[in-house]
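*Asks:* Here it is, the structure in full.
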Amino acid sequence: MQRVGVFVCWCGSNIAGTVDVQAVSEALKNEPGVVFSTNYQYMCSQAGQDIIKDAIAEHKLTGIVVCSCSPRMHEATFRKTAAAAGLNPYMVEIANIREQCSWVHKDMLTGTEKAIILGKAAVAKVNLNAPLTPGESPVTKRALVIGGGIAGIQTALDIADAGFPVDIVEKKPTIGGKMAQLDKTFPTLDCAACILTPKMVDVAQNENIRIFSYSEVTEVKGFVGNFDVTIKKHARFVKEDICTGCGACTEKCPMKKVPNEFNLGMDNRSAIYIPFAQAVPKVATIDPNYCNMLKKGKCGLCAKVCAAGAIDYTQKDEYISEKYGAIVVATGFNPISMDKFDEFAYNQSKDVITSLEFERLTNAAGPTAGKLVRPSDGKHPHTIVFVQCVGSRCSACAEKGKEYCSKICCMYTAKHAMLTRDKYPDTEVYVFYIDVRTPGKNFDEFYRRAVEEYGVNYIKGMVGKVTPEGDKLKVQASDLIANKQLHIDADLVVLAAAIEPDKSARPLATMLTASMDTNDFFTEAHPKLRPVESPTAGVFLSGACQGPKDIPETVSQAGAAASKVIGLLAKDKLTGNPCVAHSNELMCNGCSSCERVCPYGAISYEDKEFRMPDRTTKIRRVAVVNPAVCQGCGACTVACPSGAMDLKGFASAQIIAEVDAICK
Amino acid sequence: MENKYLQEELIRISGVNPKKCMRCGKCSATCPAYDEMEYHPHQFVNMVESGDIEPLLASKSLYRCLSCFACIDRCPRGVEPAKLVEAVRLAAIRKQGANHLTADKVPAMLDEDIPQQAIVSAFRKYSK
């Protein structure tokens with residue numbers, strides 16, 4: 001039998017105003033195991049904690065119950081108090097008689113009655129508590145960042161600055177991501193390349209950072225502090241350490257008709273290519289789908305002109321294994337496909353483009369050297385129609401659009417409209433919007449400037465259809481304020497396509513056992529209080545893989561994720577949560593139910609020898625919980641059909657004892 | 001709320017939930033009969049939602065809708081305005097006391113090609 005002490009807190013008048021604390025401490029004196037019971041004005045204060053410590057020593061208490069506020073508030077405090085007095089901290093139980101009692105009741109009688117019941121339940125539980133000791137595991141002091149866009153770059157730089165080695169895995173031949181494709185950035189209009197490329201160079205020069213470009217993560221094993229990761233380095237047929245990035249090969253390559261993905265297919269590149277001038281690493285890559293040498297064994301021009309001798313047509317994919325303590329997901333986003341939006345004639349006319357294509361058209365390093373012209377005939381467009389919410393806020397068809405707001409389109413459309421009017425004042429610009437959403441510092445001012453100073457025509461309504469006719473695009477749209485249907489002859493139509501998580505995110509989430517929402521955005525451990533952590537320990541989130549984000553927000557989240565990683569890597573050992581699941585192997589029938597429901601991949605199976613009553617041995621498959629990975633959610637205990645799974649600190653017997661105490 | 005009963009009836013028979021509308025106006029933007037209509041597709045949704053149904057019942061717009069279903073196809077929220085127009089149209093046609101004919105005018109219109117069943121049903125309908 002335990003020797004239980006009960007400590008009832010007044011919380012000033014927060015509890016004592018609605019609960020007769022004296023009556024509670026008196027009533028709980030008679031509960032089984034209780035040898036001491038008292039109440040005090042502020043149990044969490046130093047004086048209150050001293051009462052607890054003294055009582056533990058004087059009455060040789062083996063367990064304590066504190067009737068006070070929510071355990072979220074002060075459970076940690078009272079566990080420390082108990083530990084300081086030599087009691088195992090897991091012999092402390094909290095009865096929440098504030099949030100769950102005094103704050104929700106007005107009547108003293110009901111409040112007191114419920115407080116006593118909650119206290120009884122806590123006493124019943126602590127009688128079955130056993131001392132628990134958290135396990136320890138070592139930490140590999142190296143971080144992995146998956147994705148080399150601005151999110152991954154910023155996270156890697158911040159982690160490296162703290163002195164920890166970081167590896168960036170990027171599936172494209174260069175880091176830089178979407179930001180490298182942008183022209184200017186809202187709301188300050190500084191040039192994206194001017195602020196991004198110095199960071200890319202920082203990454204390349206940082207001694208703590210390794211870049212695995214043209215690479216993918218193919219396998220993740222292990223748990224927080226101890227991940228084993230396999231990275232597949234695709235063969236680029238160019239020796240990375242020898243290539244100087246001079247570009248002679250790209251000039252001589254005879255295969256020049258490859259759609260240039262960096263310019264979204266609006267111009268061509270050669271089969272051997274460097275994505276853009278500021279690429280990091282600045283190394284050529286051979287596209288095996290177009291290279292004549294790799295396809296037909298004829299050509300070899302690039303190898304002939306390469307002064308460094310970096311070309312290697314025999315290169316194979318390479319697999320690298322590395323250990324990491326923490327993993328940051330920064331897989332980013334893509335605009336959705338416009339194929340299903342027949343009404344906007346995207347596939348019928350070259351002059352209907354997406355906003356990202358517009359970025360390339362206005363970018364000095366883009367296919368037109370920054371001259372805004374129609375992709376069809378190279379003429380200057382005089383009337384431009386921007387359509388917002390193309391595929392965003394669309395609940396009608398999941399295959400066509402996305403139900404969420406893509407968040408960045410209002411601002412970049414305002415930017416595009418403003419820049420067009422600034423550079424080409426003879427251009428008439430229309431923006432069709434449903435709502436203009438500008439929650440951000442200096443955002444609304446920016447949008448209003450587009451309207452008031454630059455004369456952009458903002459029209460409340462949606463475009464219904466776009467019909468190419470001759471060299472014009474007939475735009476039919478609603479003007480809801482004027483209650484009119486508008487017909488505009490446009491030269492260029494720009495669609496603000498919704499954004500979606502990169503397609504690589506879903507298989508990666510499966511590898512990491514990190515959870516996702518229905519839109520394939522990674523979910524955070526807590527939407528408000530733990531926004532950069534995945535519920536899977538040791539996995540962190542950075543940038544648009546977690547939800548639509550602009551650059552300022554991405555950079556702040558990237559920094560926040562880095563600080564969480566640094567906090568983890570700074571530790572030599574990780575103290576686990578001892579309230580984890582464990583399996584009674586004599587009862588386990590190896591059915592795999594627990595393994596299937598475990599969201600963290602903490603359960604595995606092993607074949608174990610058992611001695612049978614007839615002195616034979618039998619090999620049975622039984623569940624084993626890895627305590628370093630288990631988060632103590634309890635899903636397995638519910639799924640287990642034989643009752644073999646149980647949760648330490650929240651054992652079924654303890655929960656039943658609480659229920660019995662309440663129902664008595 | 002002007003006409004609660006009729007509003008609920010329209011929502012029931014059309015299966016349209018006007019509250020799903022986010023006021024983007026794509027239905028009216030896409031409507032080929034827009035200029036022929038006094039009330040446009042988005043206004044049907046809006047006016048049924050606010051119970052302002054009498055003006056719709058009296059409007060010629062009901063018969064200008066082509067039932068081409070372009071608004072249904074394009075609506076990003078799945079509101080289906082054309083179904084609502086159809087429901088209001090049915091309500092107008094079936095409204096009691098709004099018959100265009102009276103029973104005593106029927107005999108003059110009869111000819112030998114009219115089937116017997118149609119004559120009986122016309123008398124049944126217009127004598128009410």
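Quick note on naming: the chains in the structure tokens go A, B, ... in the order shown, residues restart at 1 in each chain, and ligands are numbered from 1 in order of appearance.
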Which residues of chain B come within 10 Å of chain A, and what is each one's closest atom pair and distance in Å (one decimal), counting only C-alpha atoms, sorted by chain and residue number, as JSON lines?

*Replies:*
{"residue": "B:Lys20", "atom": "CA", "partner": "A:Ser395", "partner_atom": "CA", "distance": 9.3}
{"residue": "B:Met22", "atom": "CA", "partner": "A:Ile434", "partner_atom": "CA", "distance": 8.0}
{"residue": "B:Arg23", "atom": "CA", "partner": "A:Ile434", "partner_atom": "CA", "distance": 7.0}
{"residue": "B:Cys24", "atom": "CA", "partner": "A:Ile434", "partner_atom": "CA", "distance": 4.9}
{"residue": "B:Gly25", "atom": "CA", "partner": "A:Gly461", "partner_atom": "CA", "distance": 5.1}
{"residue": "B:Lys26", "atom": "CA", "partner": "A:Met462", "partner_atom": "CA", "distance": 4.7}
{"residue": "B:Cys27", "atom": "CA", "partner": "A:Gly464", "partner_atom": "CA", "distance": 7.0}
{"residue": "B:Ser28", "atom": "CA", "partner": "A:Ser478", "partner_atom": "CA", "distance": 6.0}
{"residue": "B:Ala29", "atom": "CA", "partner": "A:Ala477", "partner_atom": "CA", "distance": 4.2}
{"residue": "B:Thr30", "atom": "CA", "partner": "A:Gly464", "partner_atom": "CA", "distance": 3.9}
{"residue": "B:Cys31", "atom": "CA", "partner": "A:Gly464", "partner_atom": "CA", "distance": 7.7}
{"residue": "B:Pro32", "atom": "CA", "partner": "A:Gln476", "partner_atom": "CA", "distance": 9.5}
{"residue": "B:Tyr34", "atom": "CA", "partner": "A:Gln485", "partner_atom": "CA", "distance": 6.9}
{"residue": "B:Asp35", "atom": "CA", "partner": "A:Gln485", "partner_atom": "CA", "distance": 7.6}
{"residue": "B:Tyr39", "atom": "CA", "partner": "A:Asn483", "partner_atom": "CA", "distance": 9.5}
{"residue": "B:His40", "atom": "CA", "partner": "A:Asn483", "partner_atom": "CA", "distance": 8.6}
{"residue": "B:His42", "atom": "CA", "partner": "A:Leu480", "partner_atom": "CA", "distance": 8.9}
{"residue": "B:Gln43", "atom": "CA", "partner": "A:Asn483", "partner_atom": "CA", "distance": 9.4}
{"residue": "B:Ala70", "atom": "CA", "partner": "A:Gly464", "partner_atom": "CA", "distance": 9.1}
{"residue": "B:Cys71", "atom": "CA", "partner": "A:Gly464", "partner_atom": "CA", "distance": 8.7}
{"residue": "B:Ile72", "atom": "CA", "partner": "A:Ala396", "partner_atom": "CA", "distance": 9.5}
{"residue": "B:Asp73", "atom": "CA", "partner": "A:Ala396", "partner_atom": "CA", "distance": 9.1}
{"residue": "B:Arg74", "atom": "CA", "partner": "A:Gly464", "partner_atom": "CA", "distance": 7.5}
{"residue": "B:Cys75", "atom": "CA", "partner": "A:Ala396", "partner_atom": "CA", "distance": 7.0}
{"residue": "B:Pro76", "atom": "CA", "partner": "A:Cys394", "partner_atom": "CA", "distance": 4.5}
{"residue": "B:Arg77", "atom": "CA", "partner": "A:Ala396", "partner_atom": "CA", "distance": 4.6}
{"residue": "B:Gly78", "atom": "CA", "partner": "A:Ala396", "partner_atom": "CA", "distance": 4.2}
{"residue": "B:Val79", "atom": "CA", "partner": "A:Ala396", "partner_atom": "CA", "distance": 7.9}
{"residue": "B:Glu80", "atom": "CA", "partner": "A:Ala396", "partner_atom": "CA", "distance": 9.6}

*Asks:* Which parts of range 144-275 of chain A does DSSP call helix (DSSP H, G or I) when run on the backbone here, written out as a CSV table (one decimal) with N, CA and C atoms, in the first residue's frame?

*Replies:*
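Generated output (part_12.csv):
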chain,number,residue,atom,x,y,z
A,150,ILE,N,14.6,28.3,-50.7
A,150,ILE,CA,14.9,29.3,-49.6
A,150,ILE,C,14.7,28.7,-48.2
A,151,ALA,N,13.7,27.9,-48.0
A,151,ALA,CA,13.4,27.3,-46.7
A,151,ALA,C,14.6,26.4,-46.3
A,152,GLY,N,15.0,25.5,-47.2
A,152,GLY,CA,16.1,24.6,-46.8
A,152,GLY,C,17.4,25.4,-46.7
A,153,ILE,N,17.7,26.3,-47.5
A,153,ILE,CA,18.9,27.1,-47.5
A,153,ILE,C,19.0,27.8,-46.1
A,154,GLN,N,17.9,28.5,-45.7
A,154,GLN,CA,18.0,29.3,-44.5
A,154,GLN,C,18.1,28.4,-43.3
A,155,THR,N,17.4,27.3,-43.3
A,155,THR,CA,17.5,26.3,-42.2
A,155,THR,C,19.0,25.8,-42.1
A,156,ALA,N,19.5,25.4,-43.2
A,156,ALA,CA,20.9,24.8,-43.2
A,156,ALA,C,21.9,25.9,-42.7
A,157,LEU,N,21.8,27.1,-43.2
A,157,LEU,CA,22.7,28.2,-42.8
A,157,LEU,C,22.6,28.4,-41.3
A,158,ASP,N,21.4,28.4,-40.8
A,158,ASP,CA,21.3,28.7,-39.3
A,158,ASP,C,21.8,27.6,-38.5
A,159,ILE,N,21.6,26.4,-38.9
A,159,ILE,CA,22.1,25.2,-38.2
A,159,ILE,C,23.7,25.2,-38.3
A,160,ALA,N,24.2,25.5,-39.5
A,160,ALA,CA,25.6,25.5,-39.7
A,160,ALA,C,26.3,26.6,-38.9
A,161,ASP,N,25.6,27.7,-38.8
A,161,ASP,CA,26.1,28.8,-38.0
A,161,ASP,C,26.3,28.5,-36.5
A,177,GLY,N,15.6,26.6,-55.6
A,177,GLY,CA,14.2,26.4,-55.6
A,177,GLY,C,13.4,27.4,-56.4
A,178,LYS,N,12.1,27.6,-55.9
A,178,LYS,CA,11.2,28.5,-56.7
A,178,LYS,C,11.7,30.0,-56.6
A,179,MET,N,12.3,30.4,-55.5
A,179,MET,CA,12.7,31.8,-55.4
A,179,MET,C,13.7,32.2,-56.5
A,180,ALA,N,14.5,31.2,-56.9
A,180,ALA,CA,15.5,31.5,-58.0
A,180,ALA,C,14.8,31.9,-59.3
A,181,GLN,N,13.6,31.4,-59.4
A,181,GLN,CA,12.8,31.7,-60.7
A,181,GLN,C,12.1,33.0,-60.6
A,192,ALA,N,14.7,39.1,-56.5
A,192,ALA,CA,14.8,37.8,-55.8
A,192,ALA,C,16.3,37.3,-55.9
A,193,ALA,N,16.8,37.3,-57.1
A,193,ALA,CA,18.2,36.8,-57.3
A,193,ALA,C,19.2,37.5,-56.5
A,194,CYS,N,19.0,38.9,-56.4
A,194,CYS,CA,20.0,39.7,-55.6
A,194,CYS,C,20.0,39.3,-54.1
A,195,ILE,N,18.9,38.8,-53.6
A,195,ILE,CA,18.9,38.5,-52.2
A,195,ILE,C,19.1,37.0,-52.0
A,196,LEU,N,18.8,36.2,-53.0
A,196,LEU,CA,18.9,34.7,-52.8
A,196,LEU,C,20.3,34.2,-53.2
A,197,THR,N,20.9,34.7,-54.3
A,197,THR,CA,22.1,34.1,-54.7
A,197,THR,C,23.3,34.3,-53.7
A,198,PRO,N,23.4,35.4,-53.0
A,198,PRO,CA,24.4,35.4,-52.0
A,198,PRO,C,24.3,34.3,-50.9
A,199,LYS,N,23.0,34.0,-50.6
A,199,LYS,CA,22.8,33.0,-49.6
A,199,LYS,C,23.2,31.6,-50.2
A,200,MET,N,22.9,31.4,-51.5
A,200,MET,CA,23.3,30.2,-52.2
A,200,MET,C,24.9,30.0,-52.1
A,201,VAL,N,25.5,31.1,-52.3
A,201,VAL,CA,27.0,31.1,-52.3
A,201,VAL,C,27.5,30.8,-50.8
A,202,ASP,N,26.8,31.4,-49.9
A,202,ASP,CA,27.1,31.1,-48.5
A,202,ASP,C,27.0,29.7,-48.2
A,203,VAL,N,26.0,29.0,-48.7
A,203,VAL,CA,25.8,27.6,-48.5
A,203,VAL,C,27.0,26.8,-49.1
A,204,ALA,N,27.3,27.2,-50.3
A,204,ALA,CA,28.4,26.5,-51.0
A,204,ALA,C,29.7,26.6,-50.2
A,205,GLN,N,29.9,27.8,-49.6
A,205,GLN,CA,31.2,28.1,-49.0
A,205,GLN,C,31.3,27.7,-47.5
A,248,ALA,N,31.5,25.5,-71.6
A,248,ALA,CA,31.9,25.2,-72.9
A,248,ALA,C,31.1,24.1,-73.5
A,249,CYS,N,30.8,23.1,-72.7
A,249,CYS,CA,30.1,21.9,-73.2
A,249,CYS,C,28.7,22.3,-73.6
A,250,THR,N,28.0,23.2,-72.8
A,250,THR,CA,26.7,23.6,-73.1
A,250,THR,C,26.6,24.3,-74.4
A,251,GLU,N,27.7,25.1,-74.8
A,251,GLU,CA,27.7,25.8,-76.0
A,251,GLU,C,27.8,24.8,-77.2
A,252,LYS,N,28.7,23.8,-77.0
A,252,LYS,CA,29.0,22.9,-78.2
A,252,LYS,C,28.0,21.8,-78.3
A,261,GLU,N,13.3,23.6,-68.3
A,261,GLU,CA,12.4,23.6,-67.2
A,261,GLU,C,12.5,24.8,-66.3
A,262,PHE,N,13.7,25.4,-66.2
A,262,PHE,CA,13.9,26.6,-65.4
A,262,PHE,C,13.1,27.7,-65.9
A,263,ASN,N,12.9,27.8,-67.2
A,263,ASN,CA,12.1,28.9,-67.8
A,263,ASN,C,10.7,28.3,-68.1

*Asks:* Which of these, A:Cys67, A:Ile52, A:Ala644, A:Ala628, has the shortest distance to Gly601 in chain A once you count only C-alpha atoms?

*Replies:*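 Of the candidates, the smallest distance to Gly601 in chain A is held by A:Ala628.
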
*Asks:* Could you pull the residues within 9 Å of Trp103 in chain A, counting only C-alpha atoms, minus those fewer than 5 positions along the same chain, as a list of chain:residue names?

*Replies:*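 Final neighbour list, sorted by chain and number: A:Asn14, A:Ile15, A:Thr18, A:Ile97, A:Arg98.
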
*Asks:* From a DSSP calculation on the backbone, collect every residue of range 228-415 of chain A in strand (DSSP E or B) and output the set as a PyMOL selection string.

*Replies:* chain A and resi 228-233+238+258-259+268-269+272-273+285-286+311+318-324+326-329+333-335+352-354+383-390

*Asks:* Which one is closest to Thr536 in chain A: A:Gly245, A:Gly378, A:Pro599, A:Gly634? Count only C-alpha atoms.

*Replies:*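 Result for the nearest residue to Thr536 in chain A: A:Pro599.
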
*Asks:* For Lys564 in chain A, work out the shell of residues within 9 Å, counting only C-alpha atoms and skipping chain neighbours fewer than 5 positions away, then give it as a list in words.

*Replies:*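 Counting only C-alpha atoms, the residues come to Val532, Glu533, Phe540, Gly559 and Leu569 of chain A.
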
*Asks:* Please list as JSON, numbers by chain every residue within 12 Å of Leu56 in chain B, counting only C-alpha atoms and excluding residues in the same chain fewer than 4 positions away.

*Replies:* {"B": [6, 7, 10, 37, 38, 39, 40, 41, 43, 44, 45, 46, 47, 48, 51, 52, 60, 61, 62, 63, 84, 85, 86, 87, 88, 89, 90, 91, 92]}

*Asks:* Print the selection's residues with C-alpha atoms to a file, as a PDB file, in the first residue's frame.

*Replies:*
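Final file, selection36.pdb:
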ATOM      1  CA  LEU B   6     -40.953  28.913 -50.310  1.00  0.00           C
ATOM      2  CA  GLN B   7     -37.258  29.382 -49.613  1.00  0.00           C
ATOM      3  CA  LEU B  10     -36.733  25.769 -53.314  1.00  0.00           C
ATOM      4  CA  MET B  37     -31.583  38.261 -67.866  1.00  0.00           C
ATOM      5  CA  GLU B  38     -32.837  40.846 -65.423  1.00  0.00           C
ATOM      6  CA  TYR B  39     -31.569  38.721 -62.541  1.00  0.00           C
ATOM      7  CA  HIS B  40     -28.285  36.929 -63.184  1.00  0.00           C
ATOM      8  CA  PRO B  41     -27.234  33.485 -61.945  1.00  0.00           C
ATOM      9  CA  GLN B  43     -28.366  36.924 -58.003  1.00  0.00           C
ATOM     10  CA  PHE B  44     -30.640  33.877 -58.014  1.00  0.00           C
ATOM     11  CA  VAL B  45     -28.334  32.252 -55.463  1.00  0.00           C
ATOM     12  CA  ASN B  46     -28.072  35.399 -53.409  1.00  0.00           C
ATOM     13  CA  MET B  47     -31.784  36.264 -53.474  1.00  0.00           C
ATOM     14  CA  VAL B  48     -32.921  32.755 -52.590  1.00  0.00           C
ATOM     15  CA  GLY B  51     -35.523  34.919 -49.005  1.00  0.00           C
ATOM     16  CA  ASP B  52     -36.116  37.637 -51.603  1.00  0.00           C
ATOM     17  CA  LYS B  60     -38.789  36.937 -67.245  1.00  0.00           C
ATOM     18  CA  SER B  61     -35.231  35.854 -66.389  1.00  0.00           C
ATOM     19  CA  LEU B  62     -36.690  32.469 -65.475  1.00  0.00           C
ATOM     20  CA  TYR B  63     -37.429  31.780 -69.115  1.00  0.00           C
ATOM     21  CA  LEU B  84     -31.857  26.821 -58.425  1.00  0.00           C
ATOM     22  CA  VAL B  85     -33.144  28.702 -61.472  1.00  0.00           C
ATOM     23  CA  GLU B  86     -34.939  25.533 -62.500  1.00  0.00           C
ATOM     24  CA  ALA B  87     -36.504  25.208 -59.034  1.00  0.00           C
ATOM     25  CA  VAL B  88     -37.768  28.806 -59.089  1.00  0.00           C
ATOM     26  CA  ARG B  89     -39.119  28.215 -62.585  1.00  0.00           C
ATOM     27  CA  LEU B  90     -41.031  25.156 -61.366  1.00  0.00           C
ATOM     28  CA  ALA B  91     -42.366  27.119 -58.393  1.00  0.00           C
ATOM     29  CA  ALA B  92     -43.641  29.839 -60.744  1.00  0.00           C
TER      30      ALA B  92
END

*Asks:* Near Val217 in chain A, within 7 Å and counting only C-alpha atoms, which residues show up once chain neighbours fewer than 6 positions away are dropped, as an mmCIF file with N, CA and C atoms, in the first residue's frame?

*Replies:*
data_model
loop_
_atom_site.group_PDB
_atom_site.id
_atom_site.type_symbol
_atom_site.label_atom_id
_atom_site.label_comp_id
_atom_site.auth_asym_id
_atom_site.auth_seq_id
_atom_site.Cartn_x
_atom_site.Cartn_y
_atom_site.Cartn_z
ATOM 1 N N THR A 230 19.389 6.831 -46.322
ATOM 2 C CA THR A 230 20.054 6.503 -47.582
ATOM 3 C C THR A 230 19.692 7.564 -48.613
ATOM 4 N N ILE A 231 20.708 8.103 -49.258
ATOM 5 C CA ILE A 231 20.507 9.159 -50.262
ATOM 6 C C ILE A 231 20.966 8.633 -51.616
ATOM 7 N N LYS A 232 20.094 8.789 -52.603
ATOM 8 C CA LYS A 232 20.448 8.362 -53.957
ATOM 9 C C LYS A 232 20.931 9.577 -54.740
#

*Asks:* Leaving out Tyr126 in chain B and any residue of its chain fewer than 2 positions from it, which residues lie within 6 Å of it when counting only C-alpha atoms, given as JSON, numbers by chain?

*Replies:* {"B": [102, 103, 122, 123, 124, 128]}

*Asks:* Take the residues from that selection and write them out as a PDB file, in the first residue's frame, keeping N, CA and C atoms.

*Replies:*
ATOM      1  N   THR B 102     -58.603  29.860 -67.915  1.00  0.00           N
ATOM      2  CA  THR B 102     -59.675  29.386 -67.035  1.00  0.00           C
ATOM      3  C   THR B 102     -60.381  28.261 -67.781  1.00  0.00           C
ATOM      4  N   ALA B 103     -61.126  27.441 -66.995  1.00  0.00           N
ATOM      5  CA  ALA B 103     -61.735  26.246 -67.571  1.00  0.00           C
ATOM      6  C   ALA B 103     -62.703  26.574 -68.716  1.00  0.00           C
ATOM      7  N   ALA B 122     -56.624  19.156 -68.565  1.00  0.00           N
ATOM      8  CA  ALA B 122     -56.738  20.606 -68.656  1.00  0.00           C
ATOM      9  C   ALA B 122     -57.922  21.101 -67.840  1.00  0.00           C
ATOM     10  N   PHE B 123     -59.048  20.396 -67.974  1.00  0.00           N
ATOM     11  CA  PHE B 123     -60.217  20.797 -67.163  1.00  0.00           C
ATOM     12  C   PHE B 123     -59.931  20.661 -65.679  1.00  0.00           C
ATOM     13  N   ARG B 124     -59.236  19.567 -65.340  1.00  0.00           N
ATOM     14  CA  ARG B 124     -58.941  19.342 -63.919  1.00  0.00           C
ATOM     15  C   ARG B 124     -58.050  20.458 -63.379  1.00  0.00           C
ATOM     16  N   LYS B 128     -59.513  24.604 -61.018  1.00  0.00           N
ATOM     17  CA  LYS B 128     -59.160  24.791 -59.599  1.00  0.00           C
ATOM     18  C   LYS B 128     -59.004  26.269 -59.265  1.00  0.00           C
TER      19      LYS B 128
END

*Asks:* What does the distance between CA of Thr368 in chain A and CA of Pro381 in chain A come to in Å, to one decimal place?

*Replies:*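 So the two atoms, CA of Thr368 in chain A and CA of Pro381 in chain A, lie 13.7 Å apart.
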